[in-house]
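Dropping work_19.cif in here (mmCIF, C-alpha atoms and all ligand atoms):
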data_run
loop_
_atom_site.label_atom_id
_atom_site.label_comp_id
_atom_site.auth_asym_id
_atom_site.auth_seq_id
_atom_site.Cartn_x
_atom_site.Cartn_y
_atom_site.Cartn_z
CA MET A 19 7.00 -49.97 -4.26
CA LYS A 20 7.65 -52.95 -2.07
CA MET A 21 8.55 -51.85 1.41
CA SER A 22 10.99 -54.75 1.80
CA ARG A 23 13.08 -53.01 -0.90
CA LEU A 24 12.50 -49.41 0.20
CA ALA A 25 15.56 -47.47 1.30
CA PHE A 26 14.72 -45.89 4.68
CA THR A 27 11.70 -47.28 6.47
CA PRO A 28 10.40 -46.21 9.90
CA LEU A 29 12.66 -46.28 12.95
CA LYS A 30 11.59 -47.52 16.35
CA ASN A 31 12.22 -44.17 18.03
CA PRO A 32 12.43 -40.51 17.05
CA PRO A 33 15.93 -38.97 17.03
CA ALA A 34 17.07 -37.80 20.46
CA ASN A 35 18.04 -34.29 19.30
CA ALA A 36 14.71 -33.40 17.69
CA ASP A 37 13.09 -30.28 19.15
CA THR A 38 10.07 -30.13 16.88
CA ILE A 39 7.36 -32.46 15.62
CA ASN A 40 8.47 -32.18 11.98
CA HIS A 41 12.03 -33.17 12.88
CA GLN A 42 10.86 -36.10 15.03
CA LEU A 43 8.30 -37.48 12.62
CA LEU A 44 10.16 -36.87 9.35
CA VAL A 45 13.25 -38.69 10.62
CA GLN A 46 11.39 -41.45 12.45
CA ALA A 47 9.06 -42.20 9.55
CA GLY A 48 11.97 -42.23 7.06
CA PHE A 49 11.56 -39.03 5.02
CA VAL A 50 14.76 -37.19 5.93
CA ARG A 51 18.13 -37.63 7.59
CA GLN A 52 20.05 -34.86 9.29
CA LEU A 53 23.59 -34.48 7.97
CA MET A 54 24.37 -31.68 10.45
CA ALA A 55 22.47 -28.81 12.05
CA GLY A 56 20.38 -27.17 9.33
CA VAL A 57 21.33 -29.60 6.56
CA TYR A 58 19.14 -32.52 5.61
CA ILE A 59 19.12 -35.44 3.19
CA TYR A 60 15.82 -36.33 1.52
CA THR A 61 15.26 -40.09 1.27
CA PRO A 62 13.30 -41.69 -1.59
CA MET A 63 10.01 -41.14 0.26
CA GLY A 64 11.00 -37.62 1.32
CA LEU A 65 11.92 -36.71 -2.23
CA ARG A 66 8.54 -37.94 -3.47
CA VAL A 67 6.82 -35.50 -1.11
CA LEU A 68 9.14 -32.64 -2.08
CA ASN A 69 8.58 -33.37 -5.78
CA LYS A 70 4.83 -33.12 -5.28
CA ILE A 71 5.13 -29.78 -3.49
CA ARG A 72 7.40 -28.58 -6.33
CA SER A 73 4.84 -29.70 -8.92
CA VAL A 74 1.95 -27.86 -7.30
CA ILE A 75 3.98 -24.63 -7.18
CA ARG A 76 5.40 -25.09 -10.68
CA GLU A 77 1.92 -25.53 -12.13
CA GLU A 78 0.72 -22.27 -10.57
CA MET A 79 3.83 -20.28 -11.57
CA ASN A 80 3.56 -21.54 -15.16
CA ALA A 81 -0.14 -20.65 -15.21
CA ILE A 82 0.63 -16.96 -14.56
CA GLY A 83 3.38 -16.81 -17.18
CA GLY A 84 6.44 -17.68 -15.08
CA GLN A 85 9.23 -19.36 -17.05
CA GLU A 86 11.40 -21.86 -15.24
CA VAL A 87 15.17 -21.54 -15.33
CA LEU A 88 17.96 -23.08 -13.29
CA MET A 89 20.66 -20.79 -11.95
CA PRO A 90 23.88 -21.91 -10.29
CA SER A 91 24.61 -21.91 -6.56
CA LEU A 92 28.24 -20.81 -6.99
CA HIS A 93 28.38 -17.08 -7.72
CA PRO A 94 31.20 -14.68 -8.59
CA LYS A 95 31.96 -12.18 -5.81
CA GLN A 96 31.58 -9.26 -8.22
CA ASN A 97 27.80 -9.65 -8.57
CA TRP A 98 27.40 -9.43 -4.80
CA VAL A 99 29.76 -6.46 -4.54
CA GLN A 100 27.76 -4.63 -7.21
CA THR A 101 24.61 -4.58 -5.05
CA GLY A 102 26.39 -3.96 -1.76
CA ALA A 103 25.30 -7.33 -0.42
CA TRP A 104 28.83 -8.77 -0.20
CA ASP A 105 29.39 -6.57 2.88
CA SER A 106 25.85 -6.13 4.17
CA VAL A 107 24.20 -9.56 4.02
CA ASP A 108 25.32 -11.40 7.14
CA VAL A 109 23.96 -14.82 6.10
CA LEU A 110 26.01 -14.88 2.87
CA PHE A 111 28.42 -17.82 2.73
CA LYS A 112 31.72 -16.71 1.17
CA LEU A 113 34.26 -19.08 -0.32
CA ASP A 114 37.94 -18.70 -1.07
CA SER A 115 39.36 -20.51 -4.07
CA ARG A 116 42.91 -21.86 -4.10
CA THR A 117 43.39 -19.61 -7.14
CA GLY A 118 42.84 -16.54 -4.97
CA LYS A 119 39.35 -15.86 -6.29
CA GLU A 120 36.35 -15.38 -4.01
CA TYR A 121 32.85 -16.71 -4.50
CA ALA A 122 29.48 -16.60 -2.78
CA LEU A 123 26.94 -19.39 -2.35
CA GLY A 124 23.51 -18.24 -3.51
CA GLN A 125 21.34 -17.11 -0.58
CA SER A 126 18.91 -15.57 -3.09
CA HIS A 127 19.28 -14.87 -6.82
CA GLU A 128 18.58 -11.19 -7.57
CA GLU A 129 22.32 -10.80 -8.17
CA ILE A 130 22.25 -13.45 -10.88
CA VAL A 131 18.82 -13.04 -12.45
CA THR A 132 19.07 -9.27 -13.01
CA PRO A 133 22.19 -9.33 -15.23
CA LEU A 134 20.70 -12.42 -16.92
CA ALA A 135 17.44 -10.62 -17.72
CA LYS A 136 19.37 -7.53 -18.84
CA GLU A 137 20.51 -9.51 -21.86
CA MET A 138 16.87 -10.04 -22.88
CA ILE A 139 15.25 -6.74 -21.99
CA LYS A 140 15.87 -4.21 -24.75
CA SER A 141 12.46 -2.73 -25.42
CA TYR A 142 9.12 -2.39 -23.61
CA LYS A 143 7.99 -5.18 -25.93
CA ASP A 144 10.23 -7.58 -23.98
CA LEU A 145 8.24 -6.89 -20.80
CA PRO A 146 6.77 -8.21 -18.61
CA LEU A 147 9.20 -11.04 -17.92
CA ALA A 148 8.99 -13.49 -15.02
CA LEU A 149 11.71 -16.05 -14.41
CA TYR A 150 11.66 -18.57 -11.59
CA GLN A 151 13.57 -21.55 -10.31
CA ILE A 152 13.13 -24.20 -7.66
CA HIS A 153 16.55 -24.57 -6.16
CA TRP A 154 18.73 -24.80 -3.06
CA LYS A 155 19.78 -21.76 -1.09
CA PHE A 156 22.65 -21.45 1.36
CA ARG A 157 22.48 -19.18 4.41
CA ASP A 158 24.76 -18.86 7.37
CA GLU A 159 21.81 -18.80 9.78
CA LEU A 160 22.88 -18.30 13.40
CA ARG A 161 20.43 -20.84 14.70
CA ALA A 162 19.41 -23.65 12.42
CA LYS A 163 16.62 -25.30 14.31
CA SER A 164 13.09 -26.61 14.14
CA GLY A 165 13.94 -29.46 11.80
CA ILE A 166 13.51 -28.52 8.15
CA LEU A 167 11.77 -25.24 9.01
CA ARG A 168 15.10 -23.38 9.20
CA GLY A 169 18.04 -24.79 7.31
CA ARG A 170 21.47 -23.56 6.35
CA GLU A 171 20.85 -25.29 3.05
CA PHE A 172 17.19 -25.32 2.05
CA GLU A 173 15.08 -25.26 -1.06
CA MET A 174 13.12 -22.29 -2.33
CA LYS A 175 10.99 -21.45 -5.31
CA ASP A 176 12.18 -17.98 -6.19
CA MET A 177 10.61 -15.95 -8.96
CA TYR A 178 11.68 -12.52 -10.23
CA SER A 179 9.55 -10.30 -12.43
CA PHE A 180 10.37 -7.26 -14.59
CA HIS A 181 7.80 -4.63 -15.61
CA GLU A 182 7.58 -1.49 -17.69
CA ASN A 183 5.70 0.44 -15.00
CA GLN A 184 4.32 0.29 -11.48
CA GLU A 185 0.82 -0.46 -12.72
CA ASP A 186 1.88 -3.59 -14.55
CA PHE A 187 3.93 -4.66 -11.54
CA GLU A 188 0.88 -4.25 -9.26
CA ARG A 189 -1.22 -6.35 -11.64
CA PHE A 190 1.29 -9.18 -11.60
CA TYR A 191 1.85 -8.87 -7.83
CA GLU A 192 -1.86 -9.52 -7.30
CA GLU A 193 -1.77 -12.47 -9.70
CA VAL A 194 1.10 -14.04 -7.79
CA LYS A 195 -0.71 -13.59 -4.47
CA LYS A 196 -3.75 -15.35 -5.91
CA ALA A 197 -1.60 -18.11 -7.42
CA TYR A 198 0.07 -18.66 -4.03
CA LEU A 199 -3.30 -18.96 -2.31
CA ARG A 200 -4.48 -21.46 -4.94
CA ALA A 201 -1.33 -23.51 -4.38
CA TYR A 202 -1.65 -23.45 -0.57
CA ASP A 203 -5.22 -24.56 -0.96
CA LYS A 204 -4.12 -27.52 -3.11
CA ILE A 205 -1.78 -28.70 -0.36
CA ASP A 206 -4.38 -28.12 2.38
CA LEU A 207 -2.52 -25.28 4.08
CA VAL A 208 -4.30 -22.15 5.25
CA ALA A 209 -1.87 -19.27 4.78
CA LYS A 210 -2.68 -15.78 6.07
CA VAL A 211 -1.62 -12.94 3.79
CA THR A 212 0.35 -10.85 6.27
CA GLU A 213 1.59 -7.27 5.96
CA ALA A 214 5.28 -6.90 6.69
CA SER A 215 8.06 -4.42 6.10
CA GLY A 216 9.68 -4.45 2.69
CA GLY A 217 13.11 -5.43 3.98
CA GLY A 218 16.38 -3.52 3.92
CA PHE A 219 16.09 -1.84 0.52
CA SER A 220 12.50 -0.74 0.48
CA ASN A 221 10.10 1.27 2.60
CA LYS A 222 7.19 -0.45 0.91
CA ILE A 223 4.95 -3.06 2.47
CA SER A 224 5.61 -6.65 1.50
CA TYR A 225 3.35 -9.62 2.10
CA GLU A 226 4.24 -12.81 3.89
CA PHE A 227 2.22 -16.01 3.74
CA MET A 228 1.94 -17.21 7.30
CA VAL A 229 0.70 -20.58 8.56
CA LEU A 230 -0.29 -20.59 12.22
CA THR A 231 1.92 -23.00 14.15
CA ASP A 232 3.82 -22.87 17.43
CA ALA A 233 6.86 -24.28 15.63
CA GLY A 234 7.15 -21.03 13.63
CA GLU A 235 9.38 -18.10 14.51
CA ASP A 236 7.10 -15.17 13.71
CA ASP A 237 4.41 -13.49 15.77
CA ILE A 238 1.44 -12.12 13.94
CA TYR A 239 -1.63 -10.09 14.87
CA TYR A 240 -4.75 -11.10 13.04
CA CYS A 241 -8.41 -10.20 12.99
CA PRO A 242 -10.89 -13.02 13.72
CA SER A 243 -13.61 -11.24 11.71
CA CYS A 244 -11.81 -10.43 8.45
CA GLU A 245 -8.57 -11.38 6.69
CA PHE A 246 -6.43 -8.56 8.19
CA CYS A 247 -3.09 -9.87 9.41
CA VAL A 248 0.16 -8.09 10.22
CA ASN A 249 3.64 -9.19 11.35
CA SER A 250 4.09 -8.02 14.95
CA GLU A 251 7.64 -6.77 14.13
CA ILE A 252 6.29 -3.82 12.14
CA ALA A 253 2.84 -3.51 13.42
CA LYS A 254 1.40 -0.14 14.40
CA GLN A 255 -1.26 -2.15 16.22
CA LYS A 256 -1.14 -4.28 19.34
CA VAL A 257 -3.16 -7.21 20.67
CA GLY A 258 -6.71 -6.21 21.59
CA ASP A 259 -6.79 -3.20 19.25
CA SER A 260 -9.83 -3.06 17.04
CA CYS A 261 -9.12 -4.22 13.50
CA PRO A 262 -7.98 -1.31 11.28
CA LYS A 263 -9.64 -2.96 8.30
CA CYS A 264 -13.14 -4.01 9.39
CA ASN A 265 -13.35 -2.24 12.78
CA GLU A 266 -15.27 -5.24 14.09
CA GLY A 267 -12.82 -7.78 15.48
CA GLU A 268 -10.21 -7.33 18.21
CA LEU A 269 -6.73 -8.31 17.08
CA LEU A 270 -5.44 -11.66 18.33
CA GLU A 271 -1.83 -12.81 18.50
CA ALA A 272 -0.48 -16.10 17.15
CA ARG A 273 2.79 -17.82 16.38
CA ALA A 274 3.32 -18.56 12.69
CA SER A 275 5.78 -19.84 10.14
CA GLU A 276 6.44 -17.89 6.94
CA VAL A 277 6.04 -20.24 4.01
CA GLY A 278 6.28 -17.61 1.28
CA ASN A 279 6.50 -13.92 0.54
CA VAL A 280 6.18 -11.32 -2.22
CA PHE A 281 8.30 -8.15 -2.47
CA ASP A 282 8.21 -4.97 -4.48
CA LEU A 283 11.87 -4.44 -5.37
CA GLY A 284 11.30 -1.19 -7.25
CA THR A 285 14.34 -0.31 -9.38
CA LYS A 286 16.98 -1.26 -6.77
CA TYR A 287 18.51 -4.06 -8.87
CA SER A 288 17.77 -2.47 -12.26
CA LYS A 289 19.90 0.43 -11.05
CA ASP A 290 22.68 -1.70 -9.59
CA PHE A 291 23.07 -3.61 -12.86
CA GLU A 292 22.18 -0.70 -15.16
CA VAL A 293 19.25 -2.37 -16.87
CA PHE A 294 17.55 -0.07 -19.36
CA TYR A 295 14.90 -0.59 -21.99
CA VAL A 296 13.45 1.68 -24.63
CA TYR A 297 9.92 2.82 -23.75
CA ALA A 298 7.10 3.29 -26.30
CA ASP A 299 7.90 7.05 -26.51
CA GLY A 300 11.56 6.34 -27.26
CA SER A 301 12.83 7.26 -23.77
CA LYS A 302 15.20 5.04 -21.76
CA GLN A 303 13.61 3.52 -18.64
CA GLN A 304 14.53 1.06 -15.91
CA PRO A 305 12.26 -1.93 -15.25
CA ILE A 306 10.38 -2.28 -11.95
CA MET A 307 11.14 -5.62 -10.30
CA GLY A 308 9.30 -7.94 -7.94
CA CYS A 309 10.50 -11.08 -6.19
CA TYR A 310 8.44 -13.94 -4.89
CA GLY A 311 9.85 -16.57 -2.55
CA TRP A 312 8.37 -19.83 -1.36
CA GLY A 313 10.20 -22.22 0.96
CA THR A 314 9.47 -25.66 -0.44
CA THR A 315 11.36 -27.64 2.20
CA ARG A 316 9.96 -25.46 5.01
CA THR A 317 6.49 -26.09 3.56
CA MET A 318 7.03 -29.85 3.91
CA GLY A 319 7.90 -29.32 7.58
CA VAL A 320 4.94 -27.02 8.18
CA ILE A 321 2.56 -29.58 6.69
CA VAL A 322 3.80 -32.12 9.24
CA GLU A 323 3.48 -29.59 12.09
CA LYS A 324 -0.14 -28.95 11.06
CA SER A 325 -1.20 -32.43 10.07
CA HIS A 326 -0.29 -35.24 12.44
CA ASP A 327 -1.64 -37.11 15.44
CA GLU A 328 -0.06 -39.18 18.23
CA ARG A 329 0.51 -42.02 15.75
CA GLY A 330 2.30 -40.09 13.04
CA ILE A 331 1.99 -37.91 9.95
CA ILE A 332 -1.28 -37.39 8.04
CA TRP A 333 -0.25 -36.24 4.53
CA PRO A 334 -2.72 -34.26 2.41
CA ALA A 335 -3.47 -36.41 -0.66
CA SER A 336 -1.80 -33.92 -3.04
CA VAL A 337 1.65 -34.29 -1.46
CA ALA A 338 1.54 -37.80 0.04
CA PRO A 339 4.50 -39.99 -0.99
CA TYR A 340 2.04 -42.71 -2.04
CA GLN A 341 -1.73 -42.74 -2.40
CA LEU A 342 -2.10 -46.08 -0.69
CA VAL A 343 -0.27 -48.34 1.68
CA LEU A 344 -1.16 -51.98 1.16
CA VAL A 345 -0.56 -54.06 4.28
CA SER A 346 -0.45 -57.78 3.65
CA LEU A 347 -0.64 -60.11 6.63
CA ALA A 348 0.59 -63.71 6.79
CA GLY A 349 -1.25 -66.04 4.45
CA ALA A 350 -2.48 -63.29 2.09
CA GLU A 351 0.73 -62.74 0.10
CA GLN A 352 -0.68 -64.01 -3.17
CA GLN A 353 -3.84 -61.97 -2.91
CA ALA A 354 -1.71 -58.93 -2.09
CA GLN A 355 0.48 -59.51 -5.15
CA GLY A 356 -2.61 -59.64 -7.39
CA LEU A 357 -4.08 -56.50 -5.86
CA TYR A 358 -0.75 -54.67 -6.02
CA ASP A 359 -0.41 -55.49 -9.72
CA GLN A 360 -3.98 -54.39 -10.44
CA LEU A 361 -3.61 -51.12 -8.55
CA THR A 362 -0.25 -50.16 -10.02
CA LYS A 363 -1.50 -51.05 -13.50
CA ALA A 364 -4.42 -48.68 -12.93
CA GLY A 365 -1.88 -45.94 -12.18
CA ALA A 366 -2.19 -45.86 -8.38
CA GLU A 367 0.92 -45.05 -6.32
CA VAL A 368 1.10 -47.97 -3.91
CA LEU A 369 3.48 -48.74 -1.09
CA TRP A 370 3.15 -52.45 -0.34
CA ASP A 371 4.24 -53.49 3.13
CA ASP A 372 5.39 -56.98 2.16
CA ARG A 373 7.92 -57.16 5.00
CA ASP A 374 8.18 -60.07 7.35
CA GLU A 375 6.95 -58.05 10.33
CA SER A 376 4.15 -58.39 12.88
CA PRO A 377 0.72 -56.93 12.08
CA GLY A 378 1.19 -54.46 14.96
CA LYS A 379 4.46 -53.15 13.53
CA LYS A 380 3.00 -52.88 10.02
CA PHE A 381 -0.06 -50.95 11.22
CA ALA A 382 2.03 -48.64 13.40
CA ASP A 383 4.44 -47.93 10.53
CA ALA A 384 1.56 -47.25 8.11
CA ASP A 385 0.19 -44.67 10.56
CA LEU A 386 3.62 -43.14 11.13
CA ILE A 387 4.29 -42.72 7.40
CA GLY A 388 0.85 -41.17 7.02
CA VAL A 389 -0.26 -42.25 3.54
CA PRO A 390 -3.95 -41.19 3.07
CA VAL A 391 -5.42 -44.69 2.59
CA ARG A 392 -4.52 -48.03 4.18
CA LEU A 393 -5.59 -51.29 2.56
CA VAL A 394 -5.29 -54.58 4.43
CA VAL A 395 -5.47 -58.08 3.03
CA SER A 396 -5.34 -61.03 5.41
CA GLU A 397 -6.83 -64.48 5.90
CA LYS A 398 -9.63 -62.68 7.75
CA THR A 399 -10.55 -60.35 4.87
CA GLY A 400 -10.87 -63.37 2.53
CA ASP A 401 -11.08 -62.23 -1.09
CA LYS A 402 -12.05 -58.73 0.04
CA VAL A 403 -9.89 -55.79 1.03
CA GLU A 404 -10.13 -53.65 4.13
CA TRP A 405 -10.06 -49.90 3.38
CA LYS A 406 -9.29 -47.31 6.04
CA ASN A 407 -8.50 -43.62 5.68
CA ARG A 408 -5.49 -42.47 7.72
CA ALA A 409 -7.50 -39.68 9.30
CA SER A 410 -10.38 -41.90 10.45
CA ASP A 411 -10.93 -45.10 12.44
CA LYS A 412 -13.72 -46.41 10.23
CA THR A 413 -12.95 -49.50 8.14
CA GLU A 414 -14.85 -50.89 5.14
CA LEU A 415 -14.60 -54.25 3.40
CA LEU A 416 -14.50 -53.81 -0.37
CA THR A 417 -13.91 -55.90 -3.45
CA ALA A 418 -10.82 -55.10 -5.54
CA LYS A 419 -13.12 -53.56 -8.14
CA GLN A 420 -14.73 -51.32 -5.53
CA VAL A 421 -11.27 -50.20 -4.40
CA LEU A 422 -10.38 -49.23 -7.97
CA ASP A 423 -13.69 -47.42 -8.44
CA LYS A 424 -13.27 -45.55 -5.19
CA LEU A 425 -9.76 -44.45 -6.21
CA SER A 426 -10.88 -43.14 -9.56
CA SER A 427 -13.94 -41.34 -8.17
P1 LIG A 501 12.77 -15.83 7.53
O1 LIG A 501 12.22 -14.52 8.08
O2 LIG A 501 12.00 -17.01 7.97
O3 LIG A 501 14.26 -15.93 7.74
P2 LIG A 501 13.23 -14.63 5.00
O4 LIG A 501 12.54 -13.35 5.19
O5 LIG A 501 14.69 -14.68 5.16
O6 LIG A 501 12.55 -15.73 5.96
P3 LIG A 501 13.25 -15.02 2.13
O7 LIG A 501 14.68 -14.71 2.09
O8 LIG A 501 12.40 -14.07 1.40
O9 LIG A 501 12.73 -15.22 3.62
O10 LIG A 501 12.98 -16.50 1.61
C1 LIG A 501 11.76 -16.89 1.00
C2 LIG A 501 11.16 -18.10 1.72
O11 LIG A 501 12.15 -19.10 1.94
C3 LIG A 501 10.62 -17.79 3.12
O12 LIG A 501 9.30 -17.32 3.04
C4 LIG A 501 10.69 -19.16 3.78
O13 LIG A 501 9.54 -19.93 3.44
C5 LIG A 501 11.91 -19.78 3.15
N1 LIG A 501 13.09 -19.69 4.02
C6 LIG A 501 13.82 -18.59 4.33
N2 LIG A 501 14.86 -18.89 5.12
C7 LIG A 501 14.80 -20.24 5.30
C8 LIG A 501 15.62 -21.17 6.00
N3 LIG A 501 16.71 -20.77 6.65
N4 LIG A 501 15.27 -22.48 5.97
C9 LIG A 501 14.18 -22.89 5.30
N5 LIG A 501 13.37 -22.07 4.63
C10 LIG A 501 13.67 -20.76 4.61
MG MG A 502 15.87 -15.05 6.83
#
Translate the structure described by the file into structure tokens.
Ligand code: ATP
Ligand code: MG
Amino acid sequence: MKMSRLAFTPLKNPPANADTINHQLLVQAGFVRQLMAGVYIYTPMGLRVLNKIRSVIREEMNAIGGQEVLMPSLHPKQNWVQTGAWDSVDVLFKLDSRTGKEYALGQSHEEIVTPLAKEMIKSYKDLPLALYQIHWKFRDELRAKSGILRGREFEMKDMYSFHENQEDFERFYEEVKKAYLRAYDKIDLVAKVTEASGGGFSNKISYEFMVLTDAGEDDIYYCPSCEFCVNSEIAKQKVGDSCPKCNEGELLEARASEVGNVFDLGTKYSKDFEVFYVYADGSKQQPIMGCYGWGTTRTMGVIVEKSHDERGIIWPASVAPYQLVLVSLAGAEQQAQGLYDQLTKAGAEVLWDDRDESPGKKFADADLIGVPVRLVVSEKTGDKVEWKNRASDKTELLTAKQVLDKLSS
């Protein structure tokens, strides 16, 4: 991509109303635009990052047998009345039609996926079933703040599973937890598996995936010696208590952002929508359900909160909008064109800063955008190319062939 043609390039200053790093840097570098509080537009570069996060999650959900579907955002009131949520869920956006009908905007999709799955689930042979989507949610959040960490419209990967018994549910629950941890690892996030309450309809424990950051809205207690971690809202423990799991560490407190969670839904929704299947012994049973959320847009914001410096964003390679930014300085345009063609032909994702800007501006913008590798060609580099990783100050002079080799290694 030639930067002279790119829609939305870095701004001189961060937006004045930004209260968090992710809001400042994502707007200033050209990844998002705020339409209003809690509602954001993803620019071409922003969408590239979001697509990569989606791909990492999709790959892991498919690997454990999840099947992707796409459910609508506009829901009939009746589905929400049937579960009691029409009156009890305060974040639910409700819409009046000019025809007198009422609708809800999806804030989650249990109300849609359960009657959908009911059509498929007739016998124990139809189970387990896991359906997921990566889609926008609408919530009338009281305070939409912290950039894309808390939106009124935001994207989530939400998966729902159906099982013939508790044992099979537990098996899948563990598989999802492992898949989540593999996916966080791929995007260079360390997420603590945190015990939390099961929410309004369950007295069971749920698990939240928490990334430590002061931009988050949760407080957690964690053990420095083992992986024990609990949400402070439900904790029986307090800071300084010895760890209930390993008895060695003393619990510490930290601020965190919840990037995902897994819930045991029991038969709450199977009951509400009267889902039955015929068990092996001929009896009628109701499937046990689980749900598994992952905030994709929040994840993008959390990555920026965790991975930046005073010059800008430092994207992990797996989610970076481009692999390389090629900065060409005056007099090296032809060499840059040749290198750009060679790199793109070899399959590399290259952002070429071919703009008529000063070297200082080009270098500052490359750092702000945060692509993992910066290449420079100039009269000074001759027929070689300067390679620098975003996260380091070390530069190397390489031939074009060496650049290609290094990329494929
Ligand atoms: P929170 O406690 O942060 O409000 P939640 O308990 O409401 O989260 P879920 O309804 O289970 O979360 O949503 C699943 C995931 O979606 C969360 O783990 C989080 O990553 C993301 N998420 C939830 N609410 C928002 C929001 N308003 N904006 C952006 N992401 C969100
Ligand atoms: Mg919430």
Give the residues close to ligand LIG 501 (chain A), within 9 Å, counting all atoms listed in the file; write them as a tab-separated table (two decimals) with C-alpha atoms, in the coordinates of the input.
chain	number	residue	atom	x	y	z
A	56	GLY	CA	20.38	-27.17	9.33
A	125	GLN	CA	21.34	-17.11	-0.58
A	126	SER	CA	18.91	-15.57	-3.09
A	155	LYS	CA	19.78	-21.76	-1.09
A	156	PHE	CA	22.65	-21.45	1.36
A	157	ARG	CA	22.48	-19.18	4.41
A	158	ASP	CA	24.76	-18.86	7.37
A	159	GLU	CA	21.81	-18.80	9.78
A	161	ARG	CA	20.43	-20.84	14.70
A	162	ALA	CA	19.41	-23.65	12.42
A	163	LYS	CA	16.62	-25.30	14.31
A	166	ILE	CA	13.51	-28.52	8.15
A	167	LEU	CA	11.77	-25.24	9.01
A	168	ARG	CA	15.10	-23.38	9.20
A	169	GLY	CA	18.04	-24.79	7.31
A	170	ARG	CA	21.47	-23.56	6.35
A	171	GLU	CA	20.85	-25.29	3.05
A	172	PHE	CA	17.19	-25.32	2.05
A	173	GLU	CA	15.08	-25.26	-1.06
A	174	MET	CA	13.12	-22.29	-2.33
A	175	LYS	CA	10.99	-21.45	-5.31
A	176	ASP	CA	12.18	-17.98	-6.19
A	217	GLY	CA	13.11	-5.43	3.98
A	226	GLU	CA	4.24	-12.81	3.89
A	227	PHE	CA	2.22	-16.01	3.74
A	228	MET	CA	1.94	-17.21	7.30
A	234	GLY	CA	7.15	-21.03	13.63
A	235	GLU	CA	9.38	-18.10	14.51
A	236	ASP	CA	7.10	-15.17	13.71
A	275	SER	CA	5.78	-19.84	10.14
A	276	GLU	CA	6.44	-17.89	6.94
A	277	VAL	CA	6.04	-20.24	4.01
A	278	GLY	CA	6.28	-17.61	1.28
A	279	ASN	CA	6.50	-13.92	0.54
A	280	VAL	CA	6.18	-11.32	-2.22
A	281	PHE	CA	8.30	-8.15	-2.47
A	309	CYS	CA	10.50	-11.08	-6.19
A	310	TYR	CA	8.44	-13.94	-4.89
A	311	GLY	CA	9.85	-16.57	-2.55
A	312	TRP	CA	8.37	-19.83	-1.36
A	313	GLY	CA	10.20	-22.22	0.96
A	314	THR	CA	9.47	-25.66	-0.44
A	315	THR	CA	11.36	-27.64	2.20
A	316	ARG	CA	9.96	-25.46	5.01
A	317	THR	CA	6.49	-26.09	3.56
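Nearest residue to Ala335 (chain A), choosing from A:Leu425, A:Leu24, A:Met89, A:Val394 and counting only C-alpha atoms: A:Leu425.
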Between CA of Arg373 (chain A) and CA of Glu414 (chain A), distance in Å (one decimal): 23.6 Å
Residue with smallest distance to ligand MG 502 (chain A) - pool A:Val229, A:Leu110, A:Pro339, A:Lys379, counting all atoms listed in the file: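 Answer, going by the shortest atom-to-atom distance: A:Leu110.
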Sphere at (9.5, -35.4, -3.0), radius 12 Å, counting all atoms listed in the file: residues as a ChimeraX atom specification: /A:49-50,59-74,173,314-315,317-318,336-340
Near-Ala47 (chain A) list (7 Å; only C-alpha atoms; drop same-chain fewer than 2 positions) as a ChimeraX atom specification: /A:27-29,43-45,49,386-387
Contacts of Leu113 (chain A) at 6 Å (all atoms listed in the file; same-chain gap of 4+ positions) as JSON, numbers by chain: {"A": [120, 121, 122]}
Nearest candidate to ligand MG 502 (chain A) (options A:Val208, A:Ile332, A:Val320, A:Val107; using all atoms listed in the file):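 Of the candidates, the smallest distance to ligand MG 502 (chain A) is held by A:Val107.
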Residue with smallest distance to ligand MG 502 (chain A) - pool A:Asp411, A:Gly400, A:Val109, A:Gln100, counting all atoms listed in the file: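 Ranked by minimum distance to ligand MG 502 (chain A), first place goes to A:Val109.
For the choices A:Leu160, A:Asp206, A:Leu147, A:Gln52, the atom-to-atom distance to ligand MG 502 (chain A) is smallest for A:Leu160 when using all atoms listed in the file.
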Minimum-distance residue to Val211 (chain A), chosen among A:Glu185, A:Glu245, A:Asp383, A:Glu251 (using only C-alpha atoms):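 Of A:Glu185, A:Glu245, A:Asp383, A:Glu251, the one nearest Val211 (chain A), counting only C-alpha atoms, is A:Glu245.
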Give me the residues near Asp371 (chain A) as a PDB file with C-alpha atoms, keeping the file's coordinate frame, where near means some atom within 6 Å (using all atoms listed in the file) and where sequence neighbours in that chain fewer than 6 positions away do not count.
ATOM      1  CA  MET A  21       8.550 -51.850   1.410  1.00  0.00           C
ATOM      2  CA  LEU A 344      -1.160 -51.980   1.160  1.00  0.00           C
ATOM      3  CA  VAL A 345      -0.560 -54.060   4.280  1.00  0.00           C
TER       4      VAL A 345
END
Pairwise distance for CA of Leu88 (chain A) and CA of Thr132 (chain A), rounded to one decimal in Å: 13.9 Å
Distance of CA of Glu375 (chain A) from CA of Ala348 (chain A), expressed in Å to one decimal place: 9.2 Å
Test item: residues at most 9 Å from region 253-268 of chain A, all atoms listed in the file, excluding those fewer than 5 positions along its chain, as a PyMOL selection string: chain A and resi 213-214+238-246+248
Non-local contacts of Val391 (chain A) (7 Å; only C-alpha atoms; under 6 positions in same chain excluded) as a compact mmCIF listing (two decimals) with C-alpha atoms, keeping the file's coordinate frame:
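Wrote it out as selection-v6.txt, contents follow:
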# COMPACT_ATOMS: atom_id res chain seq x y z
CA GLN A 341 -1.73 -42.74 -2.40
CA LEU A 342 -2.10 -46.08 -0.69
CA VAL A 343 -0.27 -48.34 1.68
CA LYS A 406 -9.29 -47.31 6.04
CA ASN A 407 -8.50 -43.62 5.68
CA ARG A 408 -5.49 -42.47 7.72
